[in-house]
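These notes are about the structure you will find just below.
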Amino acid sequence: MLSKPLAHLCLLACCLAGQARADEAAAPEAAEASPAAADVETEASTPEPYSWARSIEIGGQHSSLTANNPAWNGVYLSGVWQTDAGNVFDWIAEQDSRFGEHGIALNAGWNHDINPDWYSRLELGRSSSGTFWPGTHYGAALNRKWLPGRNLVSTFGLAYNDNRQGYSDRILTLGMAYYFDSPWVVEGGVHRTLSNPGSVSSMQAYGAVTYGRDRWRLITLAVNAGGEGYMPIGVDQPKQSFDSQLYQLSWREWIGRHWGIHVGVERYHSPYYDRSGITTAVFWNLP
């Protein structure tokens, strides 16, 4: 799986898309105040600065673990860049220390609007070292918008992880997200993973609720629970076939017009150790 900060970026992009749909729905009410036709054509061809999803974020992470495991520490630099109305790119560079190992990872994603009802996503990730990250990650997803307002979105995704400890993961994701008229987004789905060697099958369910809107506040509560096929806990020490739970709370608050802070906390539980973590970051919207 991709890193959690990148997952936050993807969810933020979904929230921005939901806000755009809400803005489009409200447009008829402002028809009387609309500018002349020539002005409309000019504005359509030249978007206002800061009107697209473009941002950069820098932050740090710290987690405390039980069972005499050393603490996790890391820093990251991430961004979102919308090139036009139908393409949004996101990326993250991380340097982490976990289980006494150190590593650097680069991950990137591309969201592309195929037509008004369909959009796709491609992911690619690489890491320099550290058995706690996949050496290589590939992912692809196809998304479909439903209902007259296109506010129900289904997701079908496939991913592959090549891990340094000699095993690989093939991941199938099925999910749904609903964008309410009010500033709420509800998401849920399942990850089905087949890990080799051993054809170890596992399944996790996930759910998330987001409140807020872009350029004001975004609060997300997310839960993952279910089975894991393999879990790396250091060189040559993978654990196999167990249940775990992950709880995350993320708060993104705009302090100024084009910048703000991001704070996240999480709690992970497994039969082998518990982990409590915090993320703090500063982000800026870009023109």
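In the structure tokens, chains take letters A, B, ... by order of appearance, with residues numbered from 1 within each chain and ligands from 1 in the order shown.
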Can you list, as an mmCIF file with C-alpha atoms, in the first residue's frame, all residues belonging to region 150-212 of chain A that DSSP tags as strand (DSSP E)?
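What follows is the written file out.cif:
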data_model
loop_
_atom_site.group_PDB
_atom_site.id
_atom_site.type_symbol
_atom_site.label_atom_id
_atom_site.label_comp_id
_atom_site.auth_asym_id
_atom_site.auth_seq_id
_atom_site.Cartn_x
_atom_site.Cartn_y
_atom_site.Cartn_z
ATOM 1 C CA LEU A 152 -21.958 8.602 -5.671
ATOM 2 C CA VAL A 153 -18.584 7.223 -6.805
ATOM 3 C CA SER A 154 -17.590 3.565 -7.094
ATOM 4 C CA THR A 155 -13.960 2.391 -7.250
ATOM 5 C CA PHE A 156 -12.336 -0.733 -8.680
ATOM 6 C CA GLY A 157 -8.599 -0.869 -8.049
ATOM 7 C CA LEU A 158 -5.666 -3.256 -8.494
ATOM 8 C CA ALA A 159 -2.214 -2.899 -6.934
ATOM 9 C CA TYR A 160 1.031 -4.864 -6.698
ATOM 10 C CA ASN A 161 3.762 -4.620 -4.043
ATOM 11 C CA ASP A 162 7.209 -6.174 -4.480
ATOM 12 C CA ASN A 163 8.691 -6.422 -0.983
ATOM 13 C CA SER A 168 4.749 -9.927 -2.893
ATOM 14 C CA ASP A 169 1.198 -8.602 -2.512
ATOM 15 C CA ARG A 170 -1.582 -8.436 -5.103
ATOM 16 C CA ILE A 171 -4.356 -6.156 -3.859
ATOM 17 C CA LEU A 172 -7.939 -5.782 -5.095
ATOM 18 C CA THR A 173 -9.879 -2.746 -3.832
ATOM 19 C CA LEU A 174 -13.647 -2.245 -4.099
ATOM 20 C CA GLY A 175 -15.060 0.959 -2.667
ATOM 21 C CA MET A 176 -17.862 3.534 -2.671
ATOM 22 C CA ALA A 177 -17.926 7.225 -1.727
ATOM 23 C CA TYR A 178 -20.976 9.479 -1.309
ATOM 24 C CA TYR A 179 -20.779 13.297 -1.446
ATOM 25 C CA TRP A 184 -19.869 15.658 4.334
ATOM 26 C CA VAL A 185 -18.203 12.791 2.449
ATOM 27 C CA VAL A 186 -18.665 9.140 3.477
ATOM 28 C CA GLU A 187 -16.451 6.403 2.041
ATOM 29 C CA GLY A 188 -16.168 2.641 2.556
ATOM 30 C CA GLY A 189 -14.852 -0.510 0.944
ATOM 31 C CA VAL A 190 -12.640 -3.581 1.166
ATOM 32 C CA HIS A 191 -9.057 -4.538 0.296
ATOM 33 C CA ARG A 192 -8.545 -8.181 -0.696
ATOM 34 C CA THR A 193 -4.857 -9.168 -0.669
ATOM 35 C CA LEU A 194 -3.130 -12.293 -1.959
ATOM 36 C CA SER A 195 0.457 -12.601 -0.683
ATOM 37 C CA ASN A 196 3.105 -15.002 -1.943
ATOM 38 C CA VAL A 200 -1.776 -16.129 1.949
ATOM 39 C CA SER A 201 -5.188 -14.488 1.532
ATOM 40 C CA SER A 202 -6.404 -11.632 3.726
ATOM 41 C CA MET A 203 -9.152 -9.014 3.682
ATOM 42 C CA GLN A 204 -9.499 -5.610 5.323
ATOM 43 C CA ALA A 205 -12.513 -3.318 5.451
ATOM 44 C CA TYR A 206 -12.078 0.450 5.536
ATOM 45 C CA GLY A 207 -14.319 3.426 6.155
ATOM 46 C CA ALA A 208 -13.878 7.194 6.349
ATOM 47 C CA VAL A 209 -16.000 10.247 7.113
ATOM 48 C CA THR A 210 -14.863 13.739 6.075
ATOM 49 C CA TYR A 211 -16.365 17.050 7.174
ATOM 50 C CA GLY A 212 -15.505 20.467 5.753
#
**OP:** Extract, using only C-alpha atoms, all DNA, RNA and protein residues at most 7 Å from region 85-95 of chain A, discarding same-chain residues fewer than 3 positions from it, and format them as a VMD selection string.
**Re:** chain A and resid 6 9 74 to 82 103 to 113
Written selection (C-alpha atoms) as a JSON list (two decimals), in the first residue's frame:
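out-v6.json, freshly written:
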[["chain", "number", "residue", "atom", "x", "y", "z"],
["A", 6, "LEU", "CA", -0.28, 10.12, 0.09],
["A", 9, "LEU", "CA", -3.61, 13.62, -0.51],
["A", 74, "GLY", "CA", 10.11, 10.48, 9.66],
["A", 75, "VAL", "CA", 9.80, 13.61, 7.55],
["A", 76, "TYR", "CA", 8.00, 14.11, 4.25],
["A", 77, "LEU", "CA", 7.42, 16.58, 1.45],
["A", 78, "SER", "CA", 4.24, 16.16, -0.61],
["A", 79, "GLY", "CA", 2.25, 18.02, -3.20],
["A", 80, "VAL", "CA", -0.82, 18.15, -5.44],
["A", 81, "TRP", "CA", -0.68, 19.76, -8.88],
["A", 82, "GLN", "CA", -3.68, 20.15, -11.19],
["A", 103, "GLY", "CA", 14.75, 4.34, 4.08],
["A", 104, "ILE", "CA", 13.66, 6.87, 1.48],
["A", 105, "ALA", "CA", 10.52, 6.40, -0.62],
["A", 106, "LEU", "CA", 9.05, 8.25, -3.60],
["A", 107, "ASN", "CA", 5.41, 7.74, -4.59],
["A", 108, "ALA", "CA", 3.27, 9.46, -7.21],
["A", 109, "GLY", "CA", -0.28, 9.30, -8.54],
["A", 110, "TRP", "CA", -2.20, 10.60, -11.57],
["A", 111, "ASN", "CA", -5.98, 11.20, -11.58],
["A", 112, "HIS", "CA", -7.46, 11.62, -15.08],
["A", 113, "ASP", "CA", -11.03, 12.47, -16.11]]
Original post:
How many Å lie between CA of Ala225 (chain A) and CA of Asp243 (chain A), rounded to one decimal?
Top reply: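 Between these atoms lies a distance of 7.5 Å.
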Subject >> Coordinates-based distance that separates CA of Pro134 (chain A) from CA of Gln240 (chain A) (Å, one decimal) >> reply: 16.1 Å
Original post:
If you count only C-alpha atoms, which residues fall within 6 Å of region 247-258 of chain A, apart from same-chain ones fewer than 3 positions away, as a list in words?
Top reply: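 With the cut-off at 6 Å, the set is Arg215, Trp216, Arg217, Leu218, Ile219, Thr220, Leu221, Ala222, Val223, Ile261, His262, Val263, Gly264, Val265, Glu266, Arg267, Trp284 and Asn285 of chain A.
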Residues from the last selection, C-alpha atoms, saved as a compact mmCIF listing (two decimals), in the first residue's frame:
# COMPACT_ATOMS: atom_id res chain seq x y z
CA ARG A 215 -9.85 26.60 1.87
CA TRP A 216 -11.61 26.33 5.25
CA ARG A 217 -11.33 23.06 7.18
CA LEU A 218 -11.17 19.32 6.44
CA ILE A 219 -11.59 16.76 9.25
CA THR A 220 -11.35 13.05 8.41
CA LEU A 221 -11.93 10.02 10.66
CA ALA A 222 -10.81 6.74 9.07
CA VAL A 223 -10.79 3.10 10.22
CA ILE A 261 -1.65 23.42 9.29
CA HIS A 262 -2.31 19.70 9.21
CA VAL A 263 -2.37 17.53 12.34
CA GLY A 264 -3.08 13.81 12.38
CA VAL A 265 -3.14 11.12 15.05
CA GLU A 266 -3.41 7.36 14.65
CA ARG A 267 -3.63 4.19 16.70
CA TRP A 284 0.49 26.13 1.17
CA ASN A 285 -1.93 26.55 -1.73
Original post:
Which of these residues is nearest to Thr83 (chain A), using only C-alpha atoms: A:Pro287, A:Gly100, A:Gly227, A:Gly135?
Top reply: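 Between A:Pro287, A:Gly100, A:Gly227, A:Gly135, the residue approaching Thr83 (chain A) most closely is A:Pro287.
Atom pair CA of Arg275 (chain A) / CA of Ser244 (chain A): separated by 11.2 Å.
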Subject >> Option closest in space to His102 (chain A), from A:Ser128, A:Thr136, A:Asn151, A:Ser199 [counting only C-alpha atoms] >> reply: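 For His102 (chain A), the nearest of the candidates is A:Ser128.
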